[in-house]
>>> print(open('my_file-v1.csv').read())   # CSV, C-alpha atoms
chain,number,residue,atom,x,y,z
S,223,MET,CA,0.0,0.0,0.0
S,224,ALA,CA,1.3,3.4,-0.9
S,225,SER,CA,2.2,5.7,2.0
S,226,GLU,CA,-0.1,8.6,2.8
S,227,GLN,CA,1.0,11.7,0.9
S,228,LYS,CA,2.4,14.5,3.1
S,229,PRO,CA,0.6,17.8,3.3
S,230,ASN,CA,2.2,20.8,1.6
S,231,VAL,CA,3.8,23.6,3.6
S,232,LEU,CA,4.7,26.9,1.9
S,233,LEU,CA,7.7,28.8,3.4
S,234,GLY,CA,7.2,32.5,3.0
S,235,VAL,CA,10.2,33.4,5.1
S,236,ALA,CA,13.7,32.1,5.5
S,237,ALA,CA,13.8,29.4,8.2
S,238,PRO,CA,16.8,28.0,10.1
S,239,GLN,CA,17.9,24.6,8.8
S,240,ARG,CA,16.8,22.7,11.9
S,241,VAL,CA,13.3,24.3,11.6
S,242,GLU,CA,13.1,23.3,8.0
S,243,GLU,CA,14.2,19.8,8.8
S,244,TYR,CA,11.5,19.5,11.5
S,245,LEU,CA,8.9,20.7,9.0
S,246,SER,CA,10.1,18.2,6.4
S,247,GLU,CA,9.5,15.3,8.8
S,248,HIS,CA,5.8,16.2,8.6
S,249,ALA,CA,5.2,17.9,5.3
S,250,ARG,CA,6.5,18.5,1.8
S,251,VAL,CA,8.2,21.9,2.2
S,252,PHE,CA,8.4,24.3,-0.8
S,253,ARG,CA,8.8,28.0,-1.6
S,254,PRO,CA,7.4,30.4,-4.2
S,255,GLU,CA,9.3,30.0,-7.5
S,256,GLY,CA,10.1,33.7,-7.6
S,257,PRO,CA,9.7,37.1,-5.9
S,258,GLY,CA,6.5,39.0,-5.8
S,259,ARG,CA,2.9,38.5,-5.1
S,260,ASP,CA,2.1,36.6,-8.3
S,261,ALA,CA,4.6,33.9,-7.4
S,262,LEU,CA,3.3,33.7,-3.9
S,263,PHE,CA,-0.3,33.3,-5.1
S,264,ALA,CA,0.7,30.6,-7.6
S,265,ALA,CA,2.4,28.6,-4.8
S,266,LEU,CA,-0.5,29.1,-2.4
S,267,ALA,CA,-2.7,27.1,-4.7
S,268,GLU,CA,-1.1,23.9,-3.4
S,269,ALA,CA,-0.5,24.9,0.2
S,270,ASP,CA,-2.1,23.3,3.2
S,271,GLY,CA,0.0,25.4,5.6
S,272,PHE,CA,1.7,28.7,5.2
S,273,LEU,CA,4.6,30.0,7.4
S,274,THR,CA,5.0,33.7,7.2
S,275,ALA,CA,6.2,36.8,9.1
S,276,GLY,CA,3.7,39.4,8.2
S,277,THR,CA,2.2,38.7,4.8
S,278,ARG,CA,-1.3,40.2,4.6
S,279,ILE,CA,-3.8,37.4,5.0
S,280,ASP,CA,-7.0,38.6,3.4
S,281,ASP,CA,-9.7,37.6,1.0
S,282,GLY,CA,-7.5,38.4,-2.0
S,283,LEU,CA,-4.9,35.9,-0.8
S,284,LEU,CA,-7.3,33.3,0.6
S,285,GLU,CA,-9.3,32.9,-2.5
S,286,ARG,CA,-6.1,31.7,-4.2
S,287,ALA,CA,-5.4,29.2,-1.4
S,288,PRO,CA,-8.3,26.7,-1.5
S,289,ARG,CA,-6.5,24.0,0.5
S,290,LEU,CA,-5.1,26.3,3.2
S,291,LYS,CA,-5.8,25.1,6.8
S,292,ILE,CA,-3.4,27.3,8.8
S,293,VAL,CA,-1.3,30.4,8.6
S,294,SER,CA,1.5,30.5,11.1
S,295,ASN,CA,3.1,33.9,11.9
S,296,VAL,CA,6.7,34.0,13.1
S,297,SER,CA,5.7,37.0,15.3
S,298,VAL,CA,3.8,37.7,18.4
S,299,GLY,CA,1.7,40.3,16.5
S,300,TYR,CA,-0.9,39.3,14.0
S,301,ASN,CA,-2.3,42.5,12.7
S,302,ASN,CA,-1.6,41.1,9.2
S,303,PHE,CA,-4.5,38.7,9.7
S,304,ASP,CA,-7.9,39.7,8.4
S,305,LEU,CA,-9.6,37.8,11.1
S,306,GLU,CA,-13.1,37.9,9.6
S,307,ALA,CA,-11.8,36.7,6.2
S,308,MET,CA,-10.0,33.8,7.9
S,309,LYS,CA,-13.2,32.9,9.9
S,310,ARG,CA,-15.3,32.9,6.7
S,311,ARG,CA,-12.9,30.5,5.1
S,312,GLY,CA,-12.2,28.3,8.1
S,313,VAL,CA,-8.4,29.1,8.2
S,314,MET,CA,-6.6,29.0,11.5
S,315,GLY,CA,-4.0,31.6,12.5
S,316,THR,CA,-1.2,31.3,15.1
S,317,ASN,CA,1.5,33.5,16.6
S,318,THR,CA,4.6,33.1,18.7
S,319,PRO,CA,4.0,34.6,22.2
S,320,GLY,CA,6.3,34.0,25.2
S,321,VAL,CA,9.6,33.1,23.6
S,322,LEU,CA,10.5,36.7,22.8
S,323,ASP,CA,9.4,38.4,26.0
S,324,ASP,CA,12.8,38.8,27.7
S,325,THR,CA,14.6,39.8,24.5
S,326,VAL,CA,12.1,42.6,23.7
S,327,ALA,CA,12.1,43.7,27.3
S,328,ASP,CA,15.9,44.0,27.1
S,329,LEU,CA,15.6,46.2,24.0
S,330,ILE,CA,13.0,48.4,25.7
S,331,MET,CA,15.3,49.0,28.7
S,332,ALA,CA,18.1,49.8,26.2
S,333,LEU,CA,15.8,52.5,24.7
S,334,VAL,CA,15.0,53.9,28.1
S,335,LEU,CA,18.7,54.1,29.1
S,336,GLY,CA,19.8,55.3,25.6
S,337,THR,CA,17.3,58.2,25.6
S,338,ALA,CA,17.8,59.2,29.2
S,339,ARG,CA,21.6,59.3,28.9
S,340,ARG,CA,21.6,60.6,25.3
S,341,VAL,CA,23.8,57.7,24.2
S,342,ALA,CA,23.3,57.9,20.4
S,343,GLU,CA,23.5,61.7,20.4
S,344,LEU,CA,26.7,61.8,22.5
S,345,ASP,CA,28.2,59.0,20.5
S,346,ARG,CA,27.8,61.2,17.4
S,347,LEU,CA,29.3,64.1,19.3
S,348,VAL,CA,32.5,62.2,20.1
S,349,ARG,CA,32.8,60.7,16.6
S,350,GLU,CA,32.4,64.1,14.9
S,351,GLY,CA,35.0,65.8,17.1
S,352,GLY,CA,32.5,67.9,19.1
S,353,TRP,CA,33.7,66.8,22.6
S,354,LYS,CA,35.8,69.6,24.0
S,355,LYS,CA,37.6,70.0,27.2
S,356,GLY,CA,35.6,71.7,29.9
S,357,MET,CA,32.2,70.6,28.6
S,358,ASN,CA,29.8,69.9,31.5
S,359,GLU,CA,26.1,70.5,31.4
S,360,GLU,CA,26.1,70.1,27.6
S,361,LEU,CA,26.6,66.3,28.3
S,362,PHE,CA,24.0,65.9,31.0
S,363,GLY,CA,21.2,63.3,30.7
S,364,VAL,CA,18.6,62.3,33.3
S,365,ASP,CA,18.6,59.5,35.8
S,366,VAL,CA,16.6,56.3,35.3
S,367,HIS,CA,16.9,54.8,38.7
S,368,HIS,CA,14.2,55.7,41.2
S,369,ARG,CA,12.1,57.5,38.5
S,370,LYS,CA,8.5,56.6,37.6
S,371,LEU,CA,7.9,54.3,34.6
S,372,GLY,CA,4.4,53.9,33.1
S,373,ILE,CA,3.6,50.9,30.9
S,374,ILE,CA,0.6,51.0,28.6
S,375,GLY,CA,-0.3,47.4,28.0
S,376,MET,CA,0.5,44.9,30.7
S,377,GLY,CA,1.0,41.6,28.8
S,378,ARG,CA,3.9,39.3,29.1
S,379,ILE,CA,6.4,41.8,27.7
S,380,GLY,CA,5.0,44.5,29.9
S,381,GLU,CA,5.6,42.3,32.9
S,382,ALA,CA,9.1,41.6,31.8
S,383,VAL,CA,9.8,45.4,31.5
S,384,ALA,CA,8.2,46.0,34.9
S,385,LYS,CA,10.4,43.4,36.5
S,386,ARG,CA,13.6,44.9,35.0
S,387,ALA,CA,12.6,48.4,36.0
S,388,ARG,CA,11.5,47.5,39.6
S,389,LEU,CA,14.3,45.1,40.5
S,390,GLY,CA,17.1,46.4,38.3
S,391,PHE,CA,16.6,50.2,38.6
S,392,ASP,CA,14.4,50.6,41.7
S,393,MET,CA,11.9,52.4,39.5
S,394,ASP,CA,8.3,53.2,40.7
S,395,VAL,CA,6.2,51.3,38.1
S,396,VAL,CA,2.6,52.0,37.2
S,397,TYR,CA,0.6,50.6,34.3
S,398,HIS,CA,-2.6,50.9,32.3
S,399,ASN,CA,-4.4,48.0,30.9
S,400,ARG,CA,-8.0,47.2,29.9
S,401,ARG,CA,-8.1,44.7,32.7
S,402,ARG,CA,-6.1,44.9,35.9
S,403,ASN,CA,-3.3,42.4,36.3
S,404,GLU,CA,-3.6,41.8,40.1
S,405,ALA,CA,-1.2,38.9,40.0
S,406,ALA,CA,1.5,41.2,38.5
S,407,GLU,CA,0.7,43.9,41.0
S,408,GLU,CA,1.3,41.6,43.9
S,409,ARG,CA,4.3,39.9,42.4
S,410,LEU,CA,6.1,43.0,41.2
S,411,GLY,CA,4.8,45.8,43.5
S,412,ILE,CA,3.3,47.8,40.6
S,413,GLU,CA,0.0,49.8,40.5
S,414,TRP,CA,-2.7,50.3,38.0
S,415,ARG,CA,-3.5,53.9,36.8
S,416,SER,CA,-6.0,55.4,34.5
S,417,MET,CA,-4.4,56.5,31.2
S,418,ASP,CA,-4.6,60.2,32.0
S,419,ASP,CA,-3.0,59.7,35.4
S,420,LEU,CA,-0.2,57.5,34.0
S,421,LEU,CA,0.6,60.1,31.4
S,422,ALA,CA,0.6,63.0,33.9
S,423,GLU,CA,2.7,61.2,36.5
S,424,CYS,CA,5.4,59.3,34.7
S,425,ASP,CA,9.0,60.2,33.8
S,426,PHE,CA,9.1,57.4,31.2
S,427,VAL,CA,6.1,56.2,29.2
S,428,VAL,CA,6.4,52.8,27.4
S,429,VAL,CA,3.6,51.7,25.0
S,430,MET,CA,3.3,47.9,24.6
S,431,THR,CA,-0.1,47.3,23.1
S,432,PRO,CA,-1.0,45.1,20.1
S,433,LEU,CA,-2.1,46.9,17.0
S,434,THR,CA,-5.9,46.6,16.7
S,435,PRO,CA,-8.7,48.9,15.4
S,436,ALA,CA,-9.0,50.0,19.1
S,437,THR,CA,-5.3,50.9,19.6
S,438,GLU,CA,-4.5,52.4,16.2
S,439,GLY,CA,-3.6,56.1,16.9
S,440,LEU,CA,-4.0,55.4,20.7
S,441,ILE,CA,-1.2,57.9,21.5
S,442,GLY,CA,-1.6,61.3,19.8
S,443,GLU,CA,-1.4,65.0,20.3
S,444,GLU,CA,-3.8,64.9,23.3
S,445,GLN,CA,-1.8,62.2,25.1
S,446,PHE,CA,1.5,64.0,24.5
S,447,ARG,CA,0.1,67.2,25.9
S,448,LYS,CA,-0.8,65.4,29.1
S,449,MET,CA,2.8,64.2,29.6
S,450,LYS,CA,5.5,66.1,31.5
S,451,PRO,CA,7.8,68.3,29.4
S,452,SER,CA,10.6,66.1,30.9
S,453,ALA,CA,9.0,62.8,30.0
S,454,ILE,CA,10.6,60.3,27.6
S,455,PHE,CA,8.4,58.2,25.4
S,456,ILE,CA,9.2,54.6,24.2
S,457,ASN,CA,7.4,52.6,21.5
S,458,ALA,CA,8.4,49.0,20.8
S,459,SER,CA,4.9,47.7,20.0
S,460,ARG,CA,3.7,48.7,16.5
S,461,GLY,CA,4.2,52.0,14.7
S,462,PRO,CA,0.5,52.9,14.0
S,463,VAL,CA,-0.3,52.8,17.7
S,464,VAL,CA,1.2,56.3,17.7
S,465,ASP,CA,0.3,59.3,15.6
S,466,GLU,CA,3.8,59.9,14.3
S,467,ALA,CA,3.1,63.4,13.1
S,468,ALA,CA,1.9,64.3,16.6
S,469,LEU,CA,5.0,62.7,18.1
S,470,ILE,CA,7.3,64.7,15.8
S,471,ARG,CA,5.6,67.9,16.9
S,472,ALA,CA,5.9,67.0,20.5
S,473,LEU,CA,9.6,66.3,20.2
S,474,SER,CA,10.2,69.4,18.1
S,475,ASP,CA,8.4,71.9,20.3
S,476,GLY,CA,9.5,70.6,23.7
S,477,THR,CA,6.1,69.0,24.7
S,478,ILE,CA,8.2,66.0,25.7
S,479,ARG,CA,11.9,65.5,26.3
S,480,ALA,CA,12.8,62.6,24.0
S,481,ALA,CA,11.7,59.4,22.4
S,482,GLY,CA,13.1,55.9,21.8
S,483,LEU,CA,11.5,54.1,18.9
S,484,ASP,CA,11.8,50.5,17.5
S,485,VAL,CA,8.7,50.8,15.3
S,486,PHE,CA,7.3,53.4,12.9
S,487,GLU,CA,4.2,54.1,10.8
S,488,GLN,CA,6.1,53.2,7.6
S,489,GLU,CA,8.9,50.7,7.7
S,490,PRO,CA,11.7,51.0,6.6
S,491,VAL,CA,11.7,54.7,7.5
S,492,GLN,CA,11.7,57.0,4.6
S,493,PRO,CA,14.9,59.2,4.2
S,494,ASP,CA,12.9,62.4,4.6
S,495,ASN,CA,11.2,61.4,7.9
S,496,PRO,CA,11.7,64.3,10.3
S,497,LEU,CA,12.4,61.8,13.1
S,498,LEU,CA,15.8,61.2,11.5
S,499,PHE,CA,16.8,64.8,12.0
S,500,LEU,CA,15.7,65.2,15.7
S,501,PRO,CA,18.6,64.9,18.1
S,502,ASN,CA,16.3,63.9,21.0
S,503,THR,CA,15.5,60.5,19.5
S,504,VAL,CA,17.0,57.0,19.6
S,505,LEU,CA,15.8,55.0,16.5
S,506,VAL,CA,16.4,51.3,15.8
S,507,PRO,CA,15.0,49.3,12.9
S,508,HIS,CA,12.3,47.1,14.5
S,509,ILE,CA,14.8,44.8,16.3
S,510,GLY,CA,12.9,44.0,19.4
S,511,SER,CA,13.2,40.2,19.0
S,512,ALA,CA,16.4,40.3,16.8
S,513,THR,CA,18.8,37.9,18.4
S,514,ALA,CA,19.8,34.6,16.8
S,515,ALA,CA,18.6,32.6,19.8
S,516,THR,CA,15.2,34.3,20.0
S,517,ARG,CA,14.5,34.3,16.3
S,518,PHE,CA,15.3,30.5,16.2
S,519,ASP,CA,12.9,29.9,19.1
S,520,MET,CA,10.2,31.9,17.3
S,521,ALA,CA,10.7,30.1,14.0
S,522,MET,CA,10.5,26.7,15.8
S,523,LEU,CA,7.4,27.6,17.7
S,524,ALA,CA,5.8,28.8,14.5
S,525,ALA,CA,6.7,25.5,12.8
S,526,GLN,CA,5.2,23.5,15.7
S,527,ASN,CA,2.0,25.6,15.5
S,528,LEU,CA,1.8,24.9,11.8
S,529,VAL,CA,2.5,21.1,12.1
S,530,ALA,CA,-0.3,20.8,14.7
S,531,GLY,CA,-2.7,22.5,12.4
S,532,ILE,CA,-2.0,20.5,9.3
S,533,LYS,CA,-2.3,17.3,11.3
S,534,GLY,CA,-5.8,18.3,12.4
S,535,GLU,CA,-4.7,19.1,16.0
S,536,VAL,CA,-5.3,22.3,18.0
S,537,PRO,CA,-2.2,24.5,17.5
S,538,PRO,CA,-0.6,25.6,20.8
S,539,ASN,CA,-0.9,29.2,20.0
S,540,LEU,CA,-4.1,29.7,18.0
S,541,VAL,CA,-4.8,33.4,18.3
S,542,PRO,CA,-7.8,34.2,20.6
S,543,GLU,CA,-10.0,35.6,17.9
S,544,LEU,CA,-9.8,32.4,15.9
S,545,GLN,CA,-10.4,29.8,18.6
S,546,GLU,CA,-13.6,28.8,16.9
S,547,MET,CA,-11.5,27.5,14.0
S,548,ALA,CA,-9.9,24.9,16.2
S,549,PRO,CA,-10.6,21.3,15.1
S,550,ALA,CA,-12.7,19.2,17.4
S,551,LYS,CA,-10.6,17.3,19.9
S,552,ARG,CA,-10.4,13.6,19.3
S,553,ASP,CA,-11.4,11.1,21.9
>>> encode(input="my_file-v1.csv", output="structure tokens")
Amino acid sequence: MASEQKPNVLLGVAAPQRVEEYLSEHARVFRPEGPGRDALFAALAEADGFLTAGTRIDDGLLERAPRLKIVSNVSVGYNNFDLEAMKRRGVMGTNTPGVLDDTVADLIMALVLGTARRVAELDRLVREGGWKKGMNEELFGVDVHHRKLGIIGMGRIGEAVAKRARLGFDMDVVYHNRRRNEAAEERLGIEWRSMDDLLAECDFVVVMTPLTPATEGLIGEEQFRKMKPSAIFINASRGPVVDEAALIRALSDGTIRAAGLDVFEQEPVQPDNPLLFLPNTVLVPHIGSATAATRFDMAMLAAQNLVAGIKGEVPPNLVPELQEMAPAKRD
């Protein structure tokens, strides 16, 4: 008797060799035959599973993928999923929470420290020969230790940031979230605040919310005006959570002191973006999870999610909005 044919898995991203070997144990792994959306669409016609890192999953794509059972994102975010389109077509979607929390939290603290102590700005000063004997106040930054940090969005990454701030820098940490996280409050000694109170009180404001219709443009001109003139703003969630034009105005006119950004409205950043010319910014290219170890763990978790889906099992990280797409559990 012929062996059962393996399902087809389309790789839309580069995967580590060990991850690809794992997938190959369970599926026939293939890639689009060329660059561009046309090649992707042609490949999707045969795909039972799709491993991606941000491809827009909408009706236009799904109608070209009649066999597709699951899309596995190598990302904790899944704003690339048109959730209603996926529900209509019975397609599961997964993400990779948990494995990147500490790495992203490290990057957020680097942005906090870098902006407070003006690391990038003063690095340029030294390299360009601007450091002169007798300079004093021109080199001053602000302290991080014992200051107040506000976190908007107390998920896993928010908790990891709060832990570093509280235990590493003796910071007073408050947070805003739709639901109170009383376990984190007790464990870490943090306190819930309304959004307005958090913005008014804090020396550092970190936004760590997912991008949804409810959070798009969450931080804008009104929110920046409520912050202290000495406040430093950090965004390592998604660019469109912040009104970038309002942020540029707030940085330019002294409404806030500085900003550290890992994400932007348009990525890569365009060369004429005013943020590039503001000295009171630290800008990095969406590298929150960008270490070799963490990216491997994310890719492997995404592969495990995908394999479960193509085997008719419930994937470990099926996104909450698509739980109804889960296959019935077998007795």
>>> closest_atom_pairs(input="my_file-v1.csv", of="region 378-428 of chain S", to="region 456-472 of chain S", cutoff="10 Å", atoms="all atoms listed in the file", output="CSV")
residue,atom,partner,partner_atom,distance
S:Ile379,CA,S:Ser459,CA,9.8
S:Phe426,CA,S:Ile456,CA,7.5
S:Val427,CA,S:Ile456,CA,6.1
S:Val428,CA,S:Ile456,CA,4.6
>>> closest_residue(input="my_file-v1.csv", among="S:Leu389, S:Asn301, S:Leu232, S:Ile374", to="Arg402 (chain S)", atoms="only C-alpha atoms")
S:Ile374
>>> atom_distance(input="my_file-v1.csv", atom1="CA of Met314 (chain S)", atom2="CA of Leu245 (chain S)")
17.8 Å
>>> residues_around(input="my_file-v1.csv", residues="Asn302 (chain S)", least_positions_apart="5", cutoff="12 Å", atoms="only C-alpha atoms", output="list in words")
Thr274, Ala275, Gly276, Thr277, Arg278, Ile279, Asp280, Leu283, Val293, Ser294, Asn295, Val296, Ser297, Ala307, Met308, Gly315, Thr316, Asn317, Pro432, Leu433, Thr434 and Arg460 of chain S
>>> closest_residue(input="my_file-v1.csv", among="S:Gly372, S:Thr437, S:Gly442, S:Arg250", to="Leu421 (chain S)", atoms="all atoms listed in the file")
S:Gly372
>>> atom_distance(input="my_file-v1.csv", atom1="CA of Ala406 (chain S)", atom2="CA of Phe455 (chain S)")
22.5 Å
>>> residues_around(input="my_file-v1.csv", residues="Leu420 (chain S)", least_positions_apart="4", cutoff="7 Å", atoms="all atoms listed in the file", output="JSON, numbers by chain")
{"S": [372, 396, 397, 415, 416, 424]}
>>> atom_distance(input="my_file-v1.csv", atom1="CA of Tyr300 (chain S)", atom2="CA of Leu440 (chain S)")
17.7 Å
>>> closest_residue(input="my_file-v1.csv", among="S:Gly282, S:His508, S:Ala422, S:Thr325", to="Leu371 (chain S)", atoms="only C-alpha atoms")
S:Ala422
>>> closest_residue(input="my_file-v1.csv", among="S:Gly375, S:Ala436, S:Asp418, S:Glu343", to="Arg401 (chain S)", atoms="all atoms listed in the file")
S:Gly375
>>> closest_residue(input="my_file-v1.csv", among="S:Met547, S:Val235, S:Ala287, S:Ile412", to="Ala521 (chain S)", atoms="all atoms listed in the file")
S:Val235
>>> residues_around(input="my_file-v1.csv", residues="region 263-271 of chain S", least_positions_apart="6", cutoff="7 Å", atoms="only C-alpha atoms", output="list in words")
Pro229, Asn230, Val231, Leu232, Pro254, Leu283, Arg286, Ala287, Pro288, Arg289, Leu290, Lys291, Ile292, Val293, Leu528 and Ile532 of chain S
>>> closest_residue(input="my_file-v1.csv", among="S:Asp419, S:Glu306, S:Asp328, S:Glu381", to="Asn403 (chain S)", atoms="all atoms listed in the file")
S:Glu381
